[in-house]
Every structure is written in structure tokens, then in C-alpha cells.
Amino acid sequence: MRRLILTTCLLFFLKILLVGQTEFRRGQIIKVNHDTVSGLIDFGGDDRNSQVCTFKTETSPPRDYHPFEISGFRYKTGKFYISKYFRSKDNVKPFFVEYLVKGKKNLYLIVIKGHEHFLIDYQSDTVIEIPYSDESVYRNEKEYAREPTLYIGYLKSYFGDCPALFPTIEGIEKPEINNLVSLTRQYHHLTCGDSGCIVYYKKPREFSVAIEPKFGYVRYGLHTSYNPQYQFLLHFLIPRSNERMFMITGIMYGKSEGDNNDDYYEINQMYSITQVPIKFEYQFPYKIIKPKFDAGISFTFIYEDGGVRKNQGLSGSQEGSSYFVFNALGSAGVLICVSKNAGFDLSVDVEVISLTRSHSFYITHSFNGGVYFRF
């Protein structure tokens, strides 16, 4: 009961700390009369940024602006969004679209439900998408898939005053941010010598890693006691996908010993367990306390240190046996940031693991903390 009360109080405390936390970054809004106001803008992610801009200053509280209530907004060291109508097959809706390249020909990006849509000008305040989707043809009453080519026609039409680009366009296998930015930049170089061409898109860092030594206590499913567990983890940023998404790997080591709830072994059964996890982690965009969740698998090496068997009424000892298994695992916790690149990590891990050669699986959980350094 005491443990339940402490856990409830901790969760309530964290909730209080998290309420109202948002990741505001320095930037400016551009009013419809083209005046600019500097302040702080909530960095809500690509999806949210296409819908709303939450802006505040030192003297004014946060306020939500929707497309065409302002002309656009821009982060001081990041992305630039402007108000546009997005014309699709079904309808026309207002969005904040991200400026990738501005010039004689413009290139934009919008992210809807995690999917990227590359846009070009249709009218002064309206954009259309460069289409890319699976295509099919019907022959003899059968449907056959074929490579999509409609985007090539769109690009040739858009850059039609520069035929020298057509071979480059035909060589694009799929519209992506790097080849489209390069194409638009090349267009300006050929037609106006880069005069008036502004590339707002900044290529994300190709490599970012954080190291994290951790220590905690783990209770393996077969036993009722907690034992020390040691971890050394590497967190790799996944480029372009999401600046809050990381891939995690490393090494985890622990021993399992103590009271045994399984009918197969006596109390003194012991295991040495070494694991190499491969997990994907999402960190929420808060400045000081970042909730985080991760899930994945671990490649687990289990060494049986010894124990007395009582299977089928036969007694005997076994020592030195080892084997490999794959396990599913996940965790939840918080990263408490003391600076931009350092912090403390507290987490609860849950794992489905098999500690015997049988097909029995057990729930394992651990409580641990670590020190997080990002480079």
C-alpha cells in the first residue's frame, strides 16, 4: 500500500510539472500587413505547425493564430511557414506550409498525419501537390501496377521555361526533399544566376548520438527478489524522420537469483543475463521534463549459473548451460534536462522474457536511472 501511495504521488507531481510545459523557440510572426513581431513560438511539430501558430511575447500571453490570420511565422534558427490554400482533389483548405525554396519558382512542404506533401504554386495564394502514388493500368480485364510518372509531367510543366532541366527531372525516381530542393536551386542558377533565390531548408544533422550509463534493479519473472542491473546505452537521432525520435542500442547486464516461483527449479537457481536491445524512443517536446516512451526487441544471452532441478521428481544440478532468445521490451519514463545536451533519465522497463528452455514466458520489470549526455 505504501508503494502504491508513493507511486501515485510521484505521478501526480510529474503531472503538475508537465502541465503548461511547451517548447517555445525564438522566432517572429508576420502580420497580414507584413509587419513582424518577435517573440516565442511553440514548436509543436510539423503536423501541428501546419494548423496553428502559438505565439507569445514577454509582455503578452500565448495566443493561437490560424492560417491567414497572420501571413506566416518563422523560427529564428529553423523553419519558415506561410499561409496558403492547399488545393487537392477533394477540396481547398488553408494551411501554414513550410517554405523550402523562395524565388522565381517556389517550393513548399506540408506534413499531414505524418506524410510529407511537396507543393508548388498554382495561384498567388494557392498551392498544389506534386503527385506521387502507385499507378495501375488495365489490360485484358486485369490490373497491372506500373511505376508512377505523373510527377514528371507536373515538374516539367512547372519548370517549363527551362528545358535544360528536363533530363534531371526524368532522372528523379521519387520526389524527395533533397532532390526537389536541388532541382529548384538548379533552376534559379540556370535562369537567373541564383539572383533572388533563398533556400530556407536546412539539411538536418546526419549524425547525433547520446551516451547513457544506467543502473537499476530488475525483477525477472521467475523470481520474487530484485537484483542489480547495469546498462550502457547509445541513443542515435533518426535524421529527418523526427527530431524527437531516437534509435537505442547498447548492452544490459543483470543477474537473477532468489526466491523462485517456478515448479521446475528450486530456490537457488541463478542466471546471468546479457542483452543487446534495439529500441525506438520518442521524446515529448518539453524543455525541462521530457516524457518518453520506447519499444523494441532485445537479443538476450542467458547463462544458467546453477540450481537444483526437481523436474518429474528427479533431483540434480545443472551449471554452465547457456542459450539465446529474442524478447519484446518497452519502457516509459522522463528525461530531466539540466542543459541542452545533458540530463537525468528515470524509467520503468517492462519485458517479456523466457528464462527456461521451455516455451514459458514471463513478465520482467525494472526501475532504473541514468545520466544522459548528447553530442
# chains A, B, ... in the order shown; residues from 1 in each chain; ligands from 1
>>> select_by_dssp(residues="region 49-185 of chain A", states="strand (DSSP E)", output="number ranges by chain")
A: 53-56, 63-65, 72-75, 80-87, 92-102, 107-112, 115-123, 126-129, 135-139, 142-146
>>> residues_around(residues="region 131-133 of chain A", least_positions_apart="6", cutoff="7 Å", atoms="only C-alpha atoms", output="list of chain:residue names")
A:Pro148, A:Leu150, A:Tyr151
>>> residues_around(residues="Tyr81 (chain A)", least_positions_apart="2", cutoff="12 Å", atoms="only C-alpha atoms", output="MDAnalysis selection string")
chainID A and resid 27:30 41 46 48:53 66:68 70:76 78:79 83:84 95:102 107:111 200:201
>>> write_last_selection(atoms="C-alpha atoms", output="short mmCIF file (atom, residue, chain, number, x, y, z; two decimals), in the first residue's frame")
data_model
loop_
_atom_site.label_atom_id
_atom_site.label_comp_id
_atom_site.auth_asym_id
_atom_site.auth_seq_id
_atom_site.Cartn_x
_atom_site.Cartn_y
_atom_site.Cartn_z
CA GLY A 27 11.02 33.49 -33.75
CA GLN A 28 8.66 36.02 -35.25
CA ILE A 29 5.20 36.22 -36.75
CA ILE A 30 4.48 38.10 -39.95
CA ILE A 41 6.69 30.30 -30.90
CA ASP A 46 5.28 19.59 -38.40
CA ARG A 48 0.63 20.97 -35.61
CA ASN A 49 2.63 23.77 -37.22
CA SER A 50 0.59 23.37 -40.40
CA GLN A 51 -2.59 24.06 -38.44
CA VAL A 52 -1.82 26.67 -35.81
CA CYS A 53 0.91 29.01 -34.55
CA HIS A 66 -4.54 30.17 -37.74
CA PRO A 67 -3.67 30.40 -41.44
CA PHE A 68 -4.44 33.82 -42.94
CA ILE A 70 -1.22 36.06 -39.98
CA SER A 71 0.81 35.91 -43.17
CA GLY A 72 3.26 33.43 -41.66
CA PHE A 73 5.78 32.72 -38.94
CA ARG A 74 9.40 31.77 -38.69
CA TYR A 75 11.70 30.25 -36.09
CA LYS A 76 14.95 32.14 -35.57
CA GLY A 78 14.70 26.91 -38.09
CA LYS A 79 11.66 26.63 -40.29
CA SER A 83 -0.31 30.93 -45.19
CA LYS A 84 -1.52 29.17 -48.34
CA PHE A 95 -2.66 25.71 -44.07
CA PHE A 96 0.66 27.01 -42.91
CA VAL A 97 3.06 25.48 -45.43
CA GLU A 98 6.79 25.29 -44.91
CA TYR A 99 8.91 27.37 -47.26
CA LEU A 100 11.72 25.25 -48.68
CA VAL A 101 12.89 27.50 -51.53
CA LYS A 102 11.75 31.03 -52.37
CA LEU A 107 8.86 25.02 -53.32
CA TYR A 108 6.89 24.16 -50.19
CA LEU A 109 6.27 21.27 -47.83
CA ILE A 110 3.35 20.28 -45.65
CA VAL A 111 3.13 17.30 -43.30
CA TYR A 200 15.19 28.13 -46.28
CA TYR A 201 15.54 24.39 -45.95
#
>>> residues_around(residues="Val334 (chain A)", least_positions_apart="6", cutoff="9 Å", atoms="only C-alpha atoms", output="list in words")
Gln283, Ile289, Lys290, Pro291, Lys292, Phe293, Phe344, Asp345, Leu346 and Ser347 of chain A
>>> closest_residue(among="A:Val92, A:Ile336, A:Ile211, A:Ile273", to="Tyr122 (chain A)", atoms="only C-alpha atoms")
A:Val92
>>> residues_around(residues="Gly196 (chain A)", least_positions_apart="4", cutoff="9 Å", atoms="only C-alpha atoms", output="list in words")
Lys102, Gly103, Lys104, His188 and Cys192 of chain A
>>> write_last_selection(atoms="C-alpha atoms", output="mmCIF file, in the first residue's frame")
data_model
loop_
_atom_site.group_PDB
_atom_site.id
_atom_site.type_symbol
_atom_site.label_atom_id
_atom_site.label_comp_id
_atom_site.auth_asym_id
_atom_site.auth_seq_id
_atom_site.Cartn_x
_atom_site.Cartn_y
_atom_site.Cartn_z
ATOM 1 C CA LYS A 102 11.751 31.029 -52.370
ATOM 2 C CA GLY A 103 12.445 32.678 -55.706
ATOM 3 C CA LYS A 104 11.185 32.831 -59.275
ATOM 4 C CA HIS A 188 17.390 29.519 -60.424
ATOM 5 C CA CYS A 192 18.690 33.982 -63.112
#
>>> atom_distance(atom1="CA of Cys337 (chain A)", atom2="CA of Lys287 (chain A)")
7.3 Å
>>> residues_around(residues="Asn327 (chain A)", least_positions_apart="2", cutoff="9 Å", atoms="only C-alpha atoms", output="list of chain:residue names")
A:Gly296, A:Ile297, A:Ser298, A:Phe299, A:Thr300, A:Val325, A:Leu329, A:Glu351, A:Val352, A:Ile353, A:Ser354
>>> atom_distance(atom1="CA of Thr77 (chain A)", atom2="CA of Tyr372 (chain A)")
24.5 Å
>>> atom_distance(atom1="CA of Val350 (chain A)", atom2="CA of Tyr220 (chain A)")
10.0 Å
>>> select_by_dssp(residues="region 32-212 of chain A", states="helix (DSSP H, G or I)", output="PyMOL selection string")
chain A and resi 46-49+150-158+163-170+177-192
>>> closest_residue(among="A:Phe375, A:Leu237, A:Ser321, A:Ile248", to="Met270 (chain A)", atoms="only C-alpha atoms")
A:Ser321
